[in-house]
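Visitor: Here you go, this is start-v2.txt (compact mmCIF, C-alpha atoms).
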```
# COMPACT_ATOMS: atom_id res chain seq x y z
CA MET A 951 108.20 142.07 115.12
CA ILE A 952 107.64 139.41 117.80
CA LYS A 953 103.94 139.51 116.86
CA SER A 954 104.79 138.83 113.19
CA VAL A 955 106.95 135.84 114.12
CA LEU A 956 104.13 134.52 116.30
CA TYR A 957 101.62 134.86 113.44
CA LEU A 958 104.05 133.06 111.14
CA ALA A 959 104.50 130.24 113.66
CA VAL A 960 100.73 129.84 114.14
CA GLY A 961 100.28 129.90 110.35
CA ALA A 962 102.92 127.20 109.92
CA VAL A 963 101.22 124.98 112.50
CA LEU A 964 97.83 125.47 110.80
CA LEU A 965 99.31 124.69 107.39
CA THR A 966 100.94 121.51 108.71
CA GLY A 967 97.58 120.46 110.10
CA CYS A 968 95.90 121.01 106.73
CA ALA A 969 98.55 119.04 104.89
CA ALA A 970 98.20 116.03 107.20
CA VAL A 971 96.96 112.77 105.73
CA HIS A 972 93.15 112.98 105.96
CA GLU A 973 92.30 109.29 106.09
CA THR A 974 93.26 106.81 108.77
CA LYS A 975 92.61 103.08 109.04
CA HIS A 976 90.84 101.63 112.06
CA THR A 977 88.82 98.56 112.94
CA ASP A 978 85.40 98.55 114.54
CA GLU A 979 84.36 96.49 117.58
CA HIS A 980 83.81 93.47 115.30
CA GLY A 981 87.24 93.78 113.72
CA ALA A 982 85.87 95.11 110.39
CA ALA A 983 88.09 97.55 108.49
CA LEU A 984 87.06 101.20 108.80
CA THR A 985 88.35 104.17 106.85
CA CYS A 986 88.12 107.26 109.04
CA ALA A 987 88.44 110.84 107.92
CA LYS A 988 88.28 114.27 109.44
CA LYS A 989 85.86 115.33 106.74
CA PRO A 990 85.75 119.00 105.84
CA ALA A 991 82.19 120.31 105.84
CA GLN A 992 82.43 121.03 102.12
CA VAL A 993 84.84 120.09 99.35
CA LEU A 994 85.42 121.90 96.05
CA ARG A 995 84.92 119.35 93.26
CA HIS A 996 86.55 119.93 89.86
CA VAL A 997 84.77 117.63 87.38
CA VAL A 998 86.51 117.11 84.03
CA LEU A 999 84.98 115.22 81.10
CA PHE A 1000 86.92 114.15 78.00
CA LYS A 1001 86.00 112.88 74.57
CA PHE A 1002 89.04 111.67 72.66
CA LYS A 1003 89.58 112.03 68.92
CA ASP A 1004 88.39 109.08 66.87
CA ASP A 1005 91.96 108.27 65.83
CA ALA A 1006 93.29 108.16 69.42
CA THR A 1007 94.61 104.66 70.07
CA PRO A 1008 93.91 102.70 73.29
CA GLU A 1009 97.61 103.14 74.16
CA GLN A 1010 97.44 106.92 73.73
CA ILE A 1011 94.27 107.07 75.85
CA ARG A 1012 95.88 104.87 78.53
CA LYS A 1013 98.85 107.27 78.61
CA VAL A 1014 96.52 110.21 79.25
CA GLU A 1015 94.65 108.29 82.00
CA ASN A 1016 97.92 107.39 83.71
CA ALA A 1017 99.25 110.93 83.42
CA PHE A 1018 96.09 112.38 84.99
CA ALA A 1019 96.10 109.75 87.75
CA ALA A 1020 99.71 110.69 88.54
CA LEU A 1021 98.83 114.33 89.28
CA PRO A 1022 97.84 113.80 92.95
CA SER A 1023 101.40 112.61 93.63
CA LYS A 1024 102.77 115.76 91.99
CA VAL A 1025 100.40 118.51 93.16
CA ASP A 1026 100.03 118.56 96.93
CA THR A 1027 96.95 120.80 97.00
CA ILE A 1028 94.84 117.95 95.55
CA TYR A 1029 92.72 116.70 98.45
CA ASP A 1030 91.04 113.77 96.70
CA PHE A 1031 91.03 112.23 93.23
CA GLU A 1032 89.01 109.64 91.35
CA TRP A 1033 88.08 108.85 87.79
CA GLY A 1034 86.39 106.33 85.57
CA THR A 1035 85.06 105.59 82.12
CA ASP A 1036 81.46 105.89 81.01
CA VAL A 1037 79.11 103.04 81.86
CA SER A 1038 75.88 105.06 81.68
CA VAL A 1039 72.74 103.50 80.23
CA GLU A 1040 70.67 106.57 79.29
CA ASN A 1041 72.66 107.66 76.22
CA LEU A 1042 72.99 111.24 77.53
CA GLN A 1043 76.80 111.31 77.73
CA GLN A 1044 77.11 113.33 74.51
CA GLY A 1045 80.20 111.47 73.38
CA PHE A 1046 82.15 111.96 76.62
CA THR A 1047 83.89 108.76 77.70
CA HIS A 1048 86.02 109.82 80.68
CA CYS A 1049 85.21 111.57 83.95
CA PHE A 1050 87.94 112.75 86.32
CA VAL A 1051 87.07 114.39 89.65
CA VAL A 1052 89.79 116.41 91.39
CA SER A 1053 88.81 117.70 94.84
CA PHE A 1054 90.22 120.65 96.76
CA ARG A 1055 89.68 122.10 100.21
CA SER A 1056 89.73 125.70 99.01
CA GLU A 1057 89.69 127.91 95.94
CA ALA A 1058 93.27 128.82 96.85
CA ASP A 1059 94.27 125.14 96.51
CA ARG A 1060 92.57 124.99 93.09
CA ALA A 1061 94.39 128.20 92.12
CA LYS A 1062 97.70 126.43 92.79
CA TYR A 1063 96.65 123.37 90.77
CA LEU A 1064 95.47 125.01 87.55
CA PRO A 1065 98.78 126.69 86.56
CA HIS A 1066 100.98 124.02 88.23
CA PRO A 1067 103.83 122.80 85.98
CA ALA A 1068 102.70 119.18 86.43
CA HIS A 1069 99.18 120.14 85.28
CA LYS A 1070 100.58 122.02 82.29
CA GLU A 1071 102.76 119.03 81.42
CA PHE A 1072 99.67 116.80 81.56
CA GLY A 1073 97.97 119.19 79.13
CA GLN A 1074 100.80 118.56 76.64
CA ILE A 1075 100.16 114.80 76.83
CA LEU A 1076 96.38 115.23 76.54
CA GLY A 1077 96.18 117.96 73.90
CA PRO A 1078 96.95 116.02 70.68
CA HIS A 1079 94.25 113.41 71.43
CA LEU A 1080 91.44 115.58 72.80
CA ASP A 1081 88.25 116.08 70.81
CA LYS A 1082 86.23 117.92 73.47
CA VAL A 1083 86.34 118.78 77.16
CA LEU A 1084 83.81 119.96 79.72
CA VAL A 1085 84.71 121.25 83.19
CA ILE A 1086 82.32 122.10 86.00
CA ASP A 1087 83.32 122.86 89.60
CA TYR A 1088 81.06 122.92 92.63
CA TRP A 1089 81.15 123.13 96.41
CA THR A 1090 79.53 119.96 97.77
CA GLN A 1091 76.08 120.15 99.30
CA ASN A 1092 73.98 117.21 100.48
CA MET B 471 62.62 73.19 100.70
CA ILE B 472 64.85 73.53 103.77
CA LYS B 473 67.66 74.55 101.41
CA SER B 474 65.46 77.32 99.92
CA VAL B 475 64.63 78.66 103.38
CA LEU B 476 68.32 78.64 104.25
CA TYR B 477 69.17 80.56 101.08
CA LEU B 478 66.44 83.07 101.88
CA ALA B 479 67.74 83.48 105.43
CA VAL B 480 71.33 84.02 104.24
CA GLY B 481 70.05 86.45 101.60
CA ALA B 482 68.12 88.41 104.22
CA VAL B 483 71.19 88.68 106.44
CA LEU B 484 73.31 89.87 103.49
CA LEU B 485 70.66 92.41 102.50
CA THR B 486 70.44 93.75 106.05
CA GLY B 487 74.21 94.16 106.05
CA CYS B 488 74.09 96.12 102.78
CA ALA B 489 71.29 98.36 103.97
CA ALA B 490 73.09 99.26 107.19
CA VAL B 491 74.11 102.89 107.68
CA HIS B 492 77.55 103.15 106.10
CA GLU B 493 78.95 106.03 108.12
CA THR B 494 79.52 106.17 111.84
CA LYS B 495 80.76 108.98 114.06
CA HIS B 496 83.79 108.49 116.28
CA THR B 497 86.42 110.63 117.97
CA ASP B 498 90.16 110.18 117.68
CA GLU B 499 92.63 110.06 120.58
CA HIS B 500 92.64 113.88 120.70
CA GLY B 501 88.86 114.08 120.81
CA ALA B 502 88.56 115.32 117.19
CA ALA B 503 85.44 114.25 115.28
CA LEU B 504 85.96 111.41 112.83
CA THR B 505 83.58 110.10 110.20
CA CYS B 506 84.22 106.41 109.65
CA ALA B 507 82.94 104.30 106.81
CA LYS B 508 83.17 100.74 105.62
CA LYS B 509 84.10 101.94 102.18
CA PRO B 510 83.28 99.68 99.26
CA ALA B 511 86.31 99.21 97.00
CA GLN B 512 84.47 100.93 94.15
CA VAL B 513 81.33 103.02 93.86
CA LEU B 514 79.20 103.58 90.76
CA ARG B 515 78.89 107.36 90.25
CA HIS B 516 75.97 108.77 88.27
CA VAL B 517 76.91 112.35 87.32
CA VAL B 518 74.06 114.56 86.10
CA LEU B 519 74.55 118.07 84.68
CA PHE B 520 71.71 120.53 84.05
CA LYS B 521 71.33 123.78 82.16
CA PHE B 522 68.00 125.44 82.87
CA LYS B 523 65.95 127.41 80.38
CA ASP B 524 66.64 131.15 80.35
CA ASP B 525 63.12 131.85 81.59
CA ALA B 526 63.38 129.51 84.60
CA THR B 527 62.98 131.60 87.75
CA PRO B 528 65.21 131.20 90.84
CA GLU B 529 62.16 129.78 92.66
CA GLN B 530 61.58 127.17 89.94
CA ILE B 531 65.27 126.20 90.00
CA ARG B 532 65.22 125.99 93.81
CA LYS B 533 62.23 123.66 93.59
CA VAL B 534 64.14 121.33 91.23
CA GLU B 535 67.23 121.40 93.51
CA ASN B 536 65.10 120.53 96.55
CA ALA B 537 63.25 117.78 94.68
CA PHE B 538 66.52 116.17 93.56
CA ALA B 539 68.03 116.47 97.05
CA ALA B 540 64.94 114.71 98.46
CA LEU B 541 65.50 111.59 96.33
CA PRO B 542 67.96 109.87 98.73
CA SER B 543 65.19 109.84 101.35
CA LYS B 544 62.81 108.22 98.85
CA VAL B 545 65.02 105.72 96.97
CA ASP B 546 66.87 103.41 99.33
CA THR B 547 69.33 102.11 96.74
CA ILE B 548 71.08 105.52 96.68
CA TYR B 549 74.36 105.00 98.54
CA ASP B 550 75.60 108.59 98.51
CA PHE B 551 74.44 111.92 97.13
CA GLU B 552 75.90 115.40 96.66
CA TRP B 553 75.40 118.36 94.40
CA GLY B 554 76.41 121.94 93.79
CA THR B 555 76.32 124.84 91.39
CA ASP B 556 79.08 125.82 89.01
CA VAL B 557 81.98 127.85 90.40
CA SER B 558 84.51 126.90 87.72
CA VAL B 559 87.00 129.48 86.45
CA GLU B 560 88.02 128.02 83.08
CA ASN B 561 84.83 128.76 81.12
CA LEU B 562 84.52 125.15 79.92
CA GLN B 563 81.15 124.41 81.57
CA GLN B 564 79.25 124.81 78.26
CA GLY B 565 76.29 126.47 79.91
CA PHE B 566 75.78 123.79 82.57
CA THR B 567 75.12 125.32 85.99
CA HIS B 568 74.25 122.33 88.19
CA CYS B 569 76.05 119.08 88.97
CA PHE B 570 74.36 116.27 90.92
CA VAL B 571 76.24 113.08 91.80
CA VAL B 572 74.18 110.05 92.81
CA SER B 573 76.27 107.06 93.92
CA PHE B 574 75.33 103.39 93.94
CA ARG B 575 76.99 100.22 95.14
CA SER B 576 75.93 98.18 92.12
CA GLU B 577 74.39 98.39 88.66
CA ALA B 578 71.38 96.59 90.16
CA ASP B 579 70.90 99.48 92.61
CA ARG B 580 71.08 101.97 89.74
CA ALA B 581 68.56 99.84 87.82
CA LYS B 582 66.12 100.29 90.70
CA TYR B 583 66.69 104.05 90.84
CA LEU B 584 66.22 104.95 87.17
CA PRO B 585 62.57 103.79 86.81
CA HIS B 586 61.67 104.46 90.48
CA PRO B 587 58.36 106.37 90.88
CA ALA B 588 60.11 109.06 92.97
CA HIS B 589 62.67 109.56 90.18
CA LYS B 590 59.92 109.75 87.57
CA GLU B 591 58.04 112.28 89.73
CA PHE B 592 61.23 114.36 89.95
CA GLY B 593 61.42 114.29 86.15
CA GLN B 594 57.97 115.90 86.03
CA ILE B 595 59.18 118.77 88.23
CA LEU B 596 62.41 119.18 86.23
CA GLY B 597 61.12 118.78 82.70
CA PRO B 598 59.42 122.12 82.05
CA HIS B 599 62.53 124.09 83.07
CA LEU B 600 65.30 121.99 81.52
CA ASP B 601 67.30 123.32 78.58
CA LYS B 602 69.91 120.54 78.39
CA VAL B 603 71.18 117.59 80.38
CA LEU B 604 74.32 115.46 80.35
CA VAL B 605 74.71 112.17 82.23
CA ILE B 606 77.89 110.14 82.62
CA ASP B 607 78.32 107.17 84.98
CA TYR B 608 81.58 105.57 86.05
CA TRP B 609 83.01 103.06 88.49
CA THR B 610 85.47 104.90 90.72
CA GLN B 611 89.19 104.32 90.23
CA ASN B 612 92.01 106.17 92.00
```
Taking this structure as input, can you express it in the form of structure tokens?

Guide:
Amino acid sequence: MIKSVLYLAVGAVLLTGCAAVHETKHTDEHGAALTCAKKPAQVLRHVVLFKFKDDATPEQIRKVENAFAALPSKVDTIYDFEWGTDVSVENLQQGFTHCFVVSFRSEADRAKYLPHPAHKEFGQILGPHLDKVLVIDYWTQN
Amino acid sequence: MIKSVLYLAVGAVLLTGCAAVHETKHTDEHGAALTCAKKPAQVLRHVVLFKFKDDATPEQIRKVENAFAALPSKVDTIYDFEWGTDVSVENLQQGFTHCFVVSFRSEADRAKYLPHPAHKEFGQILGPHLDKVLVIDYWTQN
């Protein structure tokens, strides 16, 4: 029993550590701004591409972008998030215009994100305007 | 004439600054390892997805992976590089198995990468084994 409580306590401490903010601001010896991170060796990237329907208006697309960008504030297992719109010059984007990259520290964290109510709610906003979607996930290597 | 030399000198200093290593290693007050970077506000991501031909052998695919991963050592306008193989669980990867992300600090840097001899040489290694490719570039937003 005491052993179980100990394991729970250690687990709680570890979890708190993992949930800590992973970037801190510092300055170098010349006073330049530095962003410092305790980088995990590998991160699980979740890359999501969208092509919207031809009749989707700029306002409807903006609503989807904002709703996706709001997910990191709603799903605490998201480790990092970025997105942008296509500016490629090789004409190999196959109609996709948007790329969102959601990063996780573990498959368990991704498993909490995918069925999360906030993610499902986002799907409701996206669905009516989506023509096609592509998703590929990978563990980062250099 | 003196003005031109001055411009050249200032340009050289700026270039040297841009070419400097962008990550440094530090330790925090508890001795934990920190990776610190002078992060640019935005980075230009160049996301490349591959599906290999069914008859491509693991050795041939490994050769392509290694050749791509060698590009950052050959093209000095590459700011960051990572890649990985598909581990997605939603079955929306449309046959793509590999994702490579090449990052640049400017469109000018990308413009030096695309026609670079090392990139062209990589294309020769890739070409015979490639079934399909998708490329999307974006400026990072959060």

Visitor: Go through B:Pro585, B:Pro510, B:Gly554, B:Pro598 one by one, measure the shortest atom-to-atom distance of each to chain A using all atoms listed in the file, and give the residue with the smallest value.

Guide: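 For chain A, the nearest of the candidates is B:Gly554.
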
Visitor: Produce a table with one row for each residue of chain B that has an atom at most 8 Å from any atom of chain A, each row naming the nearest atom pair and its distance in Å at one decimal; use all atoms listed in the file; arrange rows by chain and rising residue number; format as a Markdown table.

Guide:
```
| residue | atom | partner | partner_atom | distance |
| --- | --- | --- | --- | --- |
| B:Ala502 | CA | A:Lys988 | CA | 7.8 |
| B:Ala503 | CA | A:Lys988 | CA | 6.5 |
| B:Leu504 | CA | A:Lys988 | CA | 5.0 |
| B:Thr505 | CA | A:Ala987 | CA | 5.4 |
| B:Cys506 | CA | A:Cys986 | CA | 4.0 |
| B:Ala507 | CA | A:Thr985 | CA | 5.4 |
| B:Lys508 | CA | A:Leu984 | CA | 5.0 |
| B:Lys509 | CA | A:Thr985 | CA | 6.7 |
| B:His516 | CA | A:Ser1038 | CA | 7.6 |
| B:Ala539 | CA | A:Asn1092 | CA | 6.9 |
| B:Phe551 | CA | A:Asn1092 | CA | 6.3 |
| B:Glu552 | CA | A:Asn1092 | CA | 4.6 |
| B:Trp553 | CA | A:Gln1091 | CA | 5.3 |
| B:Gly554 | CA | A:Tyr1088 | CA | 4.9 |
| B:Thr555 | CA | A:Tyr1088 | CA | 5.3 |
| B:Asp556 | CA | A:Tyr1088 | CA | 5.0 |
| B:Val557 | CA | A:Asp1087 | CA | 5.2 |
| B:Ser558 | CA | A:Asp1087 | CA | 4.6 |
| B:Glu560 | CA | A:Val1085 | CA | 7.5 |
| B:Asn561 | CA | A:Val1085 | CA | 7.8 |
| B:Leu562 | CA | A:Val1085 | CA | 5.1 |
| B:Gln563 | CA | A:Val1085 | CA | 5.0 |
| B:Gln564 | CA | A:Leu1084 | CA | 6.8 |
| B:Phe566 | CA | A:Ile1086 | CA | 7.6 |
| B:Thr567 | CA | A:Ile1086 | CA | 7.9 |
| B:Cys569 | CA | A:Tyr1088 | CA | 7.3 |
| B:Val603 | CA | A:Leu1042 | CA | 7.2 |
| B:Leu604 | CA | A:Leu1042 | CA | 5.2 |
| B:Val605 | CA | A:Gln1043 | CA | 5.0 |
| B:Ile606 | CA | A:Gln1043 | CA | 5.1 |
| B:Asp607 | CA | A:Ser1038 | CA | 4.6 |
| B:Tyr608 | CA | A:Gly1034 | CA | 4.9 |
| B:Trp609 | CA | A:Gly1034 | CA | 5.5 |
| B:Thr610 | CA | A:Gly1034 | CA | 5.4 |
| B:Gln611 | CA | A:Trp1033 | CA | 5.3 |
| B:Asn612 | CA | A:Glu1032 | CA | 4.6 |
```

Visitor: Hey, can you check how far CA of Phe522 (chain B) sits from CA of Ile595 (chain B)?

Guide: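 Those two atoms sit 12.3 Å apart.
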
Visitor: Determine the axis-aligned bounding box of all atoms of region 572-578 of chain B present in the file, pad each side by 5 Å, and express its centre and edge lengths in Å to one decimal place as AutoDock Vina command-line options.

Guide:
```
--center_x 74.2 --center_y 103.3 --center_z 91.9 --size_x 15.6 --size_y 23.5 --size_z 16.5
```

Visitor: For CA of Phe538 (chain B) and CA of Val572 (chain B), quote the distance in Å rounded to one decimal.

Guide: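 Taking CA of Phe538 (chain B) and CA of Val572 (chain B), their separation equals 9.8 Å.
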
Visitor: What's around Glu1071 (chain A) at 10 Å? Count all atoms listed in the file, leave out sequence neighbours fewer than 4 positions away in its own chain, and write the answer as a list in words.

Guide: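 Neighbouring residues, sequence-local ones excluded: Ala1017, Leu1021, His1066, Pro1067, Ile1075 and Leu1076 of chain A.
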
Visitor: My list of candidates is B:Val513, B:Ile531, B:Asp525, B:Ile548. Which is closest to Tyr583 (chain B) when distances are computed with all atoms listed in the file?

Guide: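 The shortest atom-to-atom distance to Tyr583 (chain B) comes from B:Ile548.
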
Visitor: For a test of reading the model, state the distance in Å between CA of Ser573 (chain B) and CA of Tyr549 (chain B), rounded to one decimal.

Guide: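 Taking CA of Ser573 (chain B) and CA of Tyr549 (chain B), their separation equals 5.4 Å.
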